[in-house]
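Enquirer: The structure is given below, and queries will be raised subsequently.
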Amino acid sequence: MELKRADVVLTRGSSFLSALIRFFTRSIGEKRTKVNHAGIVVEGGPVEAAVVVEVLSRVKRHKLWDRYGPPGKYSIAVYREKNLSRGEVETIVGAAESYVGRKYGYLKIVAHLLDWLLLGAYFFRQIARMDKYPICSWLVAHSFSKGGKHFGVQPGAANPDDIWDFIQEHPDIYEEIHPLRPLEVTGDK
């Protein structure tokens, strides 16, 4: 499997924290949330060599395979916007890379939780702008917004489920590169 720069990576973990994130990003009446984390491919190539930027305890740049390859504890999906220009790709990747090394935005998680208590209102996340301290979905949504793209919500309001839902609802815009399942040694190369 070949990945390209600006591909969107969405993951589903099996930890208690991953389950909590999925629970608290689900809206009332919505189907179960499928993913709890997001990142961006910043160097393309074979899946074993592709590099992603994602927010962990800090914003990190690393090989996708090193974290998500076998024996995988994660299911991973990769999607590609079909019509990105070279300039849009450069802008999106540059925006993501500009955050490498920054600390995780723990207070943004609190703002997400407070907005969840307000039935998803975009209130606390809007006033808690703390753009120096990103979370995973903010990094992806913000980077894409710099390239003039969006996931159907304000970048500061985006959570992994919003990104997933938008991509699933727009197969005319996004193509599936890898379905939501663990990476495998054979058949995925």
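Residues are referred to by chain and number: the chain letter is A, B, ... according to the order shown in the structure tokens, the number counts from 1 in that chain, and ligands are numbered separately from 1 in the order shown.
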Taking only range 33-115 of chain A into account, list the residues labelled alpha helix (DSSP H) by DSSP (computed from the backbone), as a count of residues only.
Expert: 27
Enquirer: Do you have, as a Markdown table, the list of residues of range 83-102 of chain A lying at most 8 Å from range 42-45 of chain A, each with its nearest atom pair and that distance in Å to one decimal, counting only C-alpha atoms and ordered by chain then number?
Expert:
| residue | atom | partner | partner_atom | distance |
| --- | --- | --- | --- | --- |
| A:Val93 | CA | A:Val42 | CA | 5.6 |
| A:Ala96 | CA | A:Val42 | CA | 8.0 |
| A:Glu97 | CA | A:Val42 | CA | 7.6 |
Enquirer: Using only C-alpha atoms, which residues sit within 8 Å of Arg61 in chain A once same-chain residues fewer than 4 positions away are excluded, as a VMD selection string?
Expert: chain A and resid 51 to 54 97 100
Enquirer: To one decimal in Å, tell me the separation between CA of His62 in chain A and CA of Ile135 in chain A.
Expert: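 If I compute the distance from CA of His62 in chain A to CA of Ile135 in chain A, I get 16.6 Å.
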Enquirer: Of the candidates A:Gly69, A:Pro134, A:Pro155, A:Gly148, which one gets nearest to Thr91 in chain A if we count only C-alpha atoms?
Expert: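 With only C-alpha atoms as the atom set, the closest residue is A:Gly148.
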Enquirer: Could you please determine the separation between CA of Asn159 in chain A and CA of His37 in chain A in Å, to one decimal place?
Expert: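 These atoms are spaced 8.3 Å apart.
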Enquirer: I'd like to know which residues of range 26-89 of chain A are strand (DSSP E) (by DSSP, run on the backbone); could you write them as a ChimeraX atom specification?
Expert: /A:37-43,45-46,51-55,59-63,75-81
Enquirer: If we count only C-alpha atoms, what is near Ile177 in chain A at a cut-off of 9 Å, once residues fewer than 4 positions away on the same chain are taken out, given as JSON, numbers by chain?
Expert: {"A": [1, 2, 3, 7, 77, 78, 79, 80]}
Enquirer: Find the residue from A:Asp165, A:Glu176, A:Glu184, A:Glu81 that sits nearest to Val47 in chain A; use only C-alpha atoms when measuring.
Expert: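 Looking at the shortest contact to Val47 in chain A, the residue is A:Glu184.
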Enquirer: With distances taken over only C-alpha atoms, which residue among A:Ile167, A:Gly13, A:Val55, A:Gly147 lies nearest Gly87 in chain A?
Expert: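 Result for the nearest residue to Gly87 in chain A: A:Gly147.
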Enquirer: How many Å lie between CA of Trp164 in chain A and CA of Lys146 in chain A, rounded to one decimal?
Expert: 19.1 Å
Enquirer: With distances taken over only C-alpha atoms, which residue among A:Glu48, A:Ile76, A:Ser137, A:Gly94 lies nearest Val185 in chain A?
Expert: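 Smallest separation from Val185 in chain A among the options: A:Glu48.
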Enquirer: For Leu113 in chain A, which residue out of A:Val59, A:Val35, A:Leu10, A:Ala157 is the nearest one, using only C-alpha atoms?
Expert: A:Ala157
